[in-house]
Amino acid sequence: MPSLHKHRSRAVTDGVTRAPHRAFLRATGLDDDAIQNKSLIGIVSTQGENTPCSLGLAPQADRARLGVAAGGGVPVSFTTISVSDGTSMNHAGMRMSLVSREVIADSVEVAVRGHAYDGLVAFAGCDKTLPAMMMAIVRLNVPAAFVFGGATLPGHAAGREATILTAIEAVGAVQTGAMTPDQLHTIERSCTPTAGACPGQFTANTMAMVGEALGLSPLGSAMMPAVYSERLAIAERAGAGVMRAIEQGGPLPRELVTRQSLENACAAVAATGGSTNAALHIPAIAHEAGIEFTLDDVAAVFQRTPLIADLQPGGRYLARDLHEVGGVPMVLKTLLAGGHIHGDVLTLDGERLADALQRWPDADGTIVRQCNQAIHASGGVTVLRGNLCPDGALLKIAGLRSLQFTGPARVFDSEEACMRAVSDRAYQAGEVLVIRNEGPKGGPGMREMLSVTAAIYGQGMGESVALLTDGRFSGATRGLCIGYVGPEAAEGGPIALVQTGDLIHIDADAGVIELRVDADTLAARRTRWTPPTRARLGGVLEKYALVVRPARQGAVTHSGAVDWPYESPTPTTSD
């Protein structure tokens, strides 16, 4: 009799008509027992040599095979793409970064559905690859686990710790003459000494934290550096855990991703000064679960959650430092004690989160503070609204000295135009630099502006100007940088009507951003506005621009969760 572990894969392995299918499986090295009695478990990673973030995933994914095999399953490895944000930054290649999130999620769905795998263990390491894998897991709703590959260790330059952010911001210092090219070269050679993702609370580590908060990842796994050997044991346990979920009938991903766990994920981001990109990715993951969870929902959690972790880029410490004192569970336990998260949600192991957190340490008081001693009363990321962005915009306030700013706009119709002005220092203190036509549709691809923001910061102007865009920011961005403005310019949002010299007022305490131009003037401008024209795109960007939805909905590209209507009936021996 076939094992009760098998479910979907019976569509491939059972019955007379599946003899050709079984012949293909035998050609991959499987025997009768594996084909007839064992679950087929996909093990997918974004392993590749294009980025240090993905360079160390293969050994971890390979170790997951042992856990699957120990649990009585058949591990089947495959890989998918990644786009390195590090090397696609500040040129046209960045248009492909957010697009890659959809391509990765789609490719994993295609592989798992196409081969009728019974479960999935997914590994990822670079910014968009993490939400992509989580989106795929929730979309498929098969027993699954997500494991982040870990961050790099910091390097050292001039006797101080250095990370990739040090190098990016040093570019601006060279442009002002505050640093020599030789000093920059020294930082470049030493700031990323190992494989792994960026080590601050940038997008990769932020989304790894989200994975734990949602229950899709093993507790305590996210902040562990990529090069730590313990990661192999975590991977093996993840493989075994998927087999246990198959045997026990859950928990399934959509039992883990609930409105309460989504709120927990938002709270973890806010409490740690995480990447603004999380406000794009969390709604996208919710979308896969059939839960309407928009920027408004994210904003509500951000507003009520205190900033309690002192992490870069707004603070002092790195992922490694947080791991050494207690990792993500320490943050979650502290938030739970303060009444800021829900304890009744499930972990990957099926345990109540509140019960699981009791085994982890309390806040250490330095890297993670108690809620009543918070760094800031509201989260490290805030949502702004006003006549300039009726659908909202995002600002990371962690580390900012001032939360108010008023100044005249200097408008740019592309990232490149702004970057030229910044490189030439053709801007003034007190201005609001506006970059438009970089939204999901308008870009298309919603590029992130780390090179621009880091150059500004490196020039010593990080809080002397504000920057506003309908594009995105990196998790490493710091300064008064407001992104994800909606509606975007390509859809006729108010950002399309701003002119150089217009006064813009920003008050992050009040959550307000206001274009101080009277309504009649704006109405007259709208009558003269026409959508920007562009050359025919072709290829993936053309398809993306046709279907992508607004940033407030997560820039998703399909209508949402569905119980897959094409599940084949289990064949019989007489078919």
# chains A, B, ... in the order shown; residues from 1 in each chain; ligands from 1
>>> residues_around(residues="stretch 222-227 of chain A", least_positions_apart="3", cutoff="6 Å", atoms="only C-alpha atoms", output="list in words")
Gly149, Gly150, Ala151, Thr152, Gly196, Ala208, Met209, Ala319, Arg320, His323 and Gly327 of chain A
>>> residues_around(residues="A:Ala170", least_positions_apart="5", cutoff="9 Å", atoms="only C-alpha atoms", output="PyMOL selection string")
chain A and resi 165+175+178-179+183-184+187+454-455+457-459
>>> residues_around(residues="stretch 252-268 of chain A", least_positions_apart="6", cutoff="8 Å", atoms="only C-alpha atoms", output="PyMOL selection string")
chain A and resi 137-138+141-144+209-211+213-216+245+278-279+282+286+289+291+293+298+301-302+305+331-332+335+340-342+345-348+379
>>> residues_around(residues="stretch 513-524 of chain A", least_positions_apart="6", cutoff="12 Å", atoms="only C-alpha atoms", output="PyMOL selection string")
chain A and resi 382-395+403-409+432+434+466+468+482-483+485+492-507
>>> select_by_dssp(residues="stretch 76-234 of chain A", states="alpha helix (DSSP H)", output="MDAnalysis selection string")
chainID A and resid 85:88 95:115 129:140 164:176 181:190 203:214 230:234
>>> write_last_selection(atoms="C-alpha atoms", output="PDB file, in the first residue's frame")
ATOM      1  CA  ASP A  85      20.737  44.184  -5.562  1.00  0.00           C
ATOM      2  CA  GLY A  86      24.390  44.924  -4.873  1.00  0.00           C
ATOM      3  CA  THR A  87      25.463  44.831  -8.515  1.00  0.00           C
ATOM      4  CA  SER A  88      22.169  45.853 -10.160  1.00  0.00           C
ATOM      5  CA  ARG A  95      14.424  47.422 -12.837  1.00  0.00           C
ATOM      6  CA  MET A  96      14.747  43.642 -12.688  1.00  0.00           C
ATOM      7  CA  SER A  97      15.118  43.410  -8.904  1.00  0.00           C
ATOM      8  CA  LEU A  98      11.494  43.606  -7.763  1.00  0.00           C
ATOM      9  CA  VAL A  99      10.420  41.813 -10.938  1.00  0.00           C
ATOM     10  CA  SER A 100      12.634  38.919  -9.846  1.00  0.00           C
ATOM     11  CA  ARG A 101      10.467  38.476  -6.742  1.00  0.00           C
ATOM     12  CA  GLU A 102       7.567  37.489  -8.989  1.00  0.00           C
ATOM     13  CA  VAL A 103       9.736  35.389 -11.299  1.00  0.00           C
ATOM     14  CA  ILE A 104      11.166  33.402  -8.365  1.00  0.00           C
ATOM     15  CA  ALA A 105       7.760  32.809  -6.760  1.00  0.00           C
ATOM     16  CA  ASP A 106       6.298  31.805 -10.106  1.00  0.00           C
ATOM     17  CA  SER A 107       9.204  29.492 -10.925  1.00  0.00           C
ATOM     18  CA  VAL A 108       8.896  27.652  -7.601  1.00  0.00           C
ATOM     19  CA  GLU A 109       5.153  27.295  -8.125  1.00  0.00           C
ATOM     20  CA  VAL A 110       5.730  25.918 -11.627  1.00  0.00           C
ATOM     21  CA  ALA A 111       8.249  23.346 -10.393  1.00  0.00           C
ATOM     22  CA  VAL A 112       6.210  22.149  -7.396  1.00  0.00           C
ATOM     23  CA  ARG A 113       2.892  22.051  -9.237  1.00  0.00           C
ATOM     24  CA  GLY A 114       4.438  20.560 -12.375  1.00  0.00           C
ATOM     25  CA  HIS A 115       6.034  17.674 -10.496  1.00  0.00           C
ATOM     26  CA  THR A 129      14.547  36.161  -2.844  1.00  0.00           C
ATOM     27  CA  LEU A 130      13.262  35.920   0.735  1.00  0.00           C
ATOM     28  CA  PRO A 131       9.740  37.289   0.188  1.00  0.00           C
ATOM     29  CA  ALA A 132       9.640  35.431  -3.134  1.00  0.00           C
ATOM     30  CA  MET A 133      10.184  32.070  -1.431  1.00  0.00           C
ATOM     31  CA  MET A 134       7.669  32.883   1.293  1.00  0.00           C
ATOM     32  CA  MET A 135       5.126  33.964  -1.337  1.00  0.00           C
ATOM     33  CA  ALA A 136       5.622  30.675  -3.180  1.00  0.00           C
ATOM     34  CA  ILE A 137       5.259  28.631   0.007  1.00  0.00           C
ATOM     35  CA  VAL A 138       1.993  30.338   0.943  1.00  0.00           C
ATOM     36  CA  ARG A 139       0.675  30.192  -2.622  1.00  0.00           C
ATOM     37  CA  LEU A 140       1.338  26.448  -2.835  1.00  0.00           C
ATOM     38  CA  ILE A 164      28.914  47.192   2.409  1.00  0.00           C
ATOM     39  CA  LEU A 165      27.077  50.301   3.635  1.00  0.00           C
ATOM     40  CA  THR A 166      30.456  51.733   4.664  1.00  0.00           C
ATOM     41  CA  ALA A 167      31.647  51.359   1.072  1.00  0.00           C
ATOM     42  CA  ILE A 168      28.493  52.795  -0.480  1.00  0.00           C
ATOM     43  CA  GLU A 169      28.521  55.872   1.729  1.00  0.00           C
ATOM     44  CA  ALA A 170      32.288  56.289   1.263  1.00  0.00           C
ATOM     45  CA  VAL A 171      31.617  57.038  -2.422  1.00  0.00           C
ATOM     46  CA  GLY A 172      29.938  60.280  -1.391  1.00  0.00           C
ATOM     47  CA  ALA A 173      32.844  61.092   0.920  1.00  0.00           C
ATOM     48  CA  VAL A 174      35.283  60.745  -1.983  1.00  0.00           C
ATOM     49  CA  GLN A 175      33.089  63.034  -4.098  1.00  0.00           C
ATOM     50  CA  THR A 176      33.367  65.762  -1.456  1.00  0.00           C
ATOM     51  CA  PRO A 181      40.229  57.087  -3.475  1.00  0.00           C
ATOM     52  CA  ASP A 182      42.881  54.927  -1.794  1.00  0.00           C
ATOM     53  CA  GLN A 183      40.921  54.926   1.460  1.00  0.00           C
ATOM     54  CA  LEU A 184      37.791  53.942  -0.461  1.00  0.00           C
ATOM     55  CA  HIS A 185      39.730  51.128  -2.118  1.00  0.00           C
ATOM     56  CA  THR A 186      40.787  49.819   1.289  1.00  0.00           C
ATOM     57  CA  ILE A 187      37.155  49.744   2.437  1.00  0.00           C
ATOM     58  CA  GLU A 188      36.057  48.100  -0.811  1.00  0.00           C
ATOM     59  CA  ARG A 189      38.567  45.278  -0.350  1.00  0.00           C
ATOM     60  CA  SER A 190      37.732  44.577   3.296  1.00  0.00           C
ATOM     61  CA  THR A 203      15.938  44.085   3.609  1.00  0.00           C
ATOM     62  CA  ALA A 204      17.414  40.571   3.772  1.00  0.00           C
ATOM     63  CA  ASN A 205      17.672  40.425   7.562  1.00  0.00           C
ATOM     64  CA  THR A 206      14.356  42.236   7.929  1.00  0.00           C
ATOM     65  CA  MET A 207      12.545  39.676   5.799  1.00  0.00           C
ATOM     66  CA  ALA A 208      14.373  36.832   7.557  1.00  0.00           C
ATOM     67  CA  MET A 209      12.922  38.216  10.787  1.00  0.00           C
ATOM     68  CA  VAL A 210       9.502  38.335   9.108  1.00  0.00           C
ATOM     69  CA  GLY A 211       9.890  34.629   8.262  1.00  0.00           C
ATOM     70  CA  GLU A 212      10.308  33.755  11.939  1.00  0.00           C
ATOM     71  CA  ALA A 213       7.463  36.039  13.030  1.00  0.00           C
ATOM     72  CA  LEU A 214       5.117  34.447  10.490  1.00  0.00           C
ATOM     73  CA  GLU A 230      25.190  25.488  12.972  1.00  0.00           C
ATOM     74  CA  ARG A 231      23.257  26.584   9.901  1.00  0.00           C
ATOM     75  CA  LEU A 232      23.720  23.059   8.528  1.00  0.00           C
ATOM     76  CA  ALA A 233      21.958  21.610  11.555  1.00  0.00           C
ATOM     77  CA  ILE A 234      19.126  24.127  11.160  1.00  0.00           C
TER      78      ILE A 234
END
>>> residues_around(residues="A:Asn90", least_positions_apart="4", cutoff="9 Å", atoms="only C-alpha atoms", output="ChimeraX atom specification")
/A:94,415-416,419,447-452
>>> select_by_dssp(residues="stretch 260-330 of chain A", states="strand (DSSP E or B)", output="list of chain:residue names")
A:Leu307, A:Ala309, A:Leu311, A:Tyr317
>>> write_last_selection(atoms="N, CA, C and O atoms", output="mmCIF file, in the first residue's frame")
data_model
loop_
_atom_site.group_PDB
_atom_site.id
_atom_site.type_symbol
_atom_site.label_atom_id
_atom_site.label_comp_id
_atom_site.auth_asym_id
_atom_site.auth_seq_id
_atom_site.Cartn_x
_atom_site.Cartn_y
_atom_site.Cartn_z
ATOM 1 N N LEU A 307 10.126 51.248 18.971
ATOM 2 C CA LEU A 307 11.436 50.869 18.449
ATOM 3 C C LEU A 307 12.304 50.445 19.633
ATOM 4 O O LEU A 307 12.632 51.255 20.493
ATOM 5 N N ALA A 309 15.094 47.891 19.295
ATOM 6 C CA ALA A 309 16.377 47.278 18.943
ATOM 7 C C ALA A 309 17.303 48.302 18.292
ATOM 8 O O ALA A 309 16.895 49.048 17.401
ATOM 9 N N LEU A 311 19.750 48.595 15.974
ATOM 10 C CA LEU A 311 20.390 47.908 14.852
ATOM 11 C C LEU A 311 20.701 48.867 13.716
ATOM 12 O O LEU A 311 19.975 49.835 13.478
ATOM 13 N N TYR A 317 24.237 48.163 15.986
ATOM 14 C CA TYR A 317 24.598 46.746 16.003
ATOM 15 C C TYR A 317 24.158 46.020 14.735
ATOM 16 O O TYR A 317 23.292 46.489 13.983
#
>>> residues_around(residues="stretch 535-546 of chain A", least_positions_apart="3", cutoff="8 Å", atoms="only C-alpha atoms", output="MDAnalysis selection string")
chainID A and resid 96 99 440:442 444:445 557
>>> closest_residue(among="A:Gln47, A:Ser229, A:Ser54, A:Ser39", to="A:Ala69", atoms="only C-alpha atoms")
A:Ser39
>>> atom_distance(atom1="atom CA of A:Leu57", atom2="atom CA of A:Gly125")
7.5 Å
